[in-house]
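> There's a structure below that I have some questions on.
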Amino acid sequence: MSDWVNVIDETALADGENIVIDIDGADVAVFKVEGGFYAIEDVCSHDGGEIASGELDGDEIICPRHGARFCVKTGAVKSPPAYENIHCFSVRIGNGKVQVRDDRWD
């Protein structure tokens with residue numbers, strides 16, 4: 001997927017909320033943090049489970065199973081037991097819609 005995909009209205013989430021959407025077979029967690037939108041793959045790099053249901057602490061999501069932390073803005077791992085980053089998707093606002101793009105396959 002190299003095209004921008006409309007995922008939600010920009011007014012659909014309040015700060016601190018997220019939604020998981022399917023884009024071309026990939027679960028993508030879209031977060032609203034401090035007025036900005038960010039999207040990461042909804043998979044913990046530690047054990048492959050979903051991560052979006054974890055607690056959001058500032059701009060970090062805490063894995064609900066083992067407590068690994070990741071930055072939702074960059075996908076960067078912040079604490080063990082995970083040691084690999086999560087894929088971060090490009091996000092923009094267009095015509096009132098949050099749009100996500102995956103450039104991994106370009």
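Numbering starts fresh at 1 for the residues of each chain in the structure tokens, the chains themselves are lettered A, B, ... in the order given, and ligands are numbered from 1 as they appear.
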Show me, as a list of chain:residue names, the residues that have an atom within 8 Å of Ile8 in chain A when counting only C-alpha atoms, minus same-chain residues fewer than 4 positions from it.

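That gives A:Ala12, A:Lys97, A:Val98, A:Gln99.
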
> Near Asp3 in chain A, within 9 Å and counting only C-alpha atoms, which residues show up once chain neighbours fewer than 3 positions away are dropped, as a list in words?

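Skipping anything fewer than 3 positions along the chain leaves Val100, Arg101, Asp102 and Asp103 of chain A.
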
> Nearest to Val77 in chain A among A:Cys44, A:Asp24, A:Phe89, A:Gly94, with distances taken over only C-alpha atoms: which residue is it?

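Of A:Cys44, A:Asp24, A:Phe89, A:Gly94, the one nearest Val77 in chain A, counting only C-alpha atoms, is A:Cys44.
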
> If we count only C-alpha atoms, what is near Val33 in chain A at a cut-off of 12 Å, once residues fewer than 6 positions away on the same chain are taken out, given as a list in words?

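Residues meeting the cut-off are Leu13, Ala14, Asp15, Gly16, Glu17, Asn18, Ala39, Leu56, Asp57, Gly58, Asp59, Glu60, Ile61, Cys71, Val72 and Lys73 of chain A.
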
> List the neighbours of Asn85 in chain A out to 8 Å using only C-alpha atoms; skip same-chain residues closer than 5 positions along the sequence, and give me the result as a list of chain:residue names.

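Listing them by chain and then by number gives A:Ser45, A:Phe70, A:Gly75, A:Ala76, A:Val77.
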
> Can you list, as a PyMOL selection string, every residue of chain A that DSSP puts in strand (DSSP E or B)?

chain A and resi 5-9+18-23+26-33+36-41+55-57+60-62+69-71+77-79+88-94+97-101

> Counting only C-alpha atoms, what is within 6 Å of Ile51 in chain A, bar same-chain residues fewer than 6 positions away, as a PDB file with N, CA and C atoms, in the first residue's frame?


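Contents of the output file selection16.pdb:
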```
ATOM      1  N   ASP A  42      -0.237  -2.678  15.023  1.00  0.00           N
ATOM      2  CA  ASP A  42      -0.804  -3.154  16.292  1.00  0.00           C
ATOM      3  C   ASP A  42      -0.244  -4.526  16.630  1.00  0.00           C
ATOM      4  N   VAL A  43       1.079  -4.559  16.890  1.00  0.00           N
ATOM      5  CA  VAL A  43       1.733  -5.816  17.227  1.00  0.00           C
ATOM      6  C   VAL A  43       2.941  -5.523  18.108  1.00  0.00           C
ATOM      7  N   CYS A  44       3.013  -6.202  19.228  1.00  0.00           N
ATOM      8  CA  CYS A  44       4.160  -6.053  20.117  1.00  0.00           C
ATOM      9  C   CYS A  44       5.335  -6.819  19.524  1.00  0.00           C
ATOM     10  N   CYS A  63       2.496  -2.427  26.702  1.00  0.00           N
ATOM     11  CA  CYS A  63       1.959  -3.716  26.280  1.00  0.00           C
ATOM     12  C   CYS A  63       1.121  -4.313  27.409  1.00  0.00           C
TER      13      CYS A  63
END
```

> Could you check the closest approach to Gly67 in chain A for each of A:Ala82, A:Ser53, A:Asn95, A:Gly48 and tell me which residue wins, using only C-alpha atoms?

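Checking each candidate against Gly67 in chain A, we get A:Ala82 as the closest.
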
> Which residues are near Ile23 in chain A? Cut-off 9 Å, only C-alpha atoms, ignore same chain within fewer than 4 positions. Put them as a ChimeraX atom specification.

/A:1,5,7,27-28,100

> Export, as a tab-separated table (two decimals), in the first residue's frame, the selected residues with N, CA and C atoms.


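As a result, out29.tsv now contains:
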```tsv
chain	number	residue	atom	x	y	z
A	1	MET	N	0.85	-1.17	0.00
A	1	MET	CA	0.00	0.00	0.00
A	1	MET	C	0.89	1.23	0.00
A	5	VAL	N	-4.65	6.31	2.67
A	5	VAL	CA	-5.95	5.68	2.93
A	5	VAL	C	-6.66	6.49	4.01
A	7	VAL	N	-8.85	6.87	7.08
A	7	VAL	CA	-9.18	5.89	8.12
A	7	VAL	C	-10.29	6.36	9.06
A	27	ASP	N	-3.17	-4.84	10.87
A	27	ASP	CA	-3.86	-4.11	11.93
A	27	ASP	C	-3.01	-2.89	12.28
A	28	VAL	N	-3.63	-1.71	12.19
A	28	VAL	CA	-2.94	-0.45	12.43
A	28	VAL	C	-3.65	0.27	13.57
A	100	VAL	N	-3.59	7.46	6.40
A	100	VAL	CA	-2.41	6.66	6.75
A	100	VAL	C	-1.81	6.11	5.47
```

> May I ask for the distance between CA of Phe37 in chain A and CA of Cys88 in chain A, given in Å to one decimal place?

11.6 Å

> Quick one: distance from CA of Thr74 in chain A to CA of His87 in chain A in Å, one decimal?

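CA of His87 in chain A lies at a distance of 8.1 Å from CA of Thr74 in chain A.
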
> What's the separation between CA of Asn6 in chain A and CA of Tyr38 in chain A, in Å to one decimal place?

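Result for CA of Asn6 in chain A versus CA of Tyr38 in chain A: 13.6 Å, one decimal.
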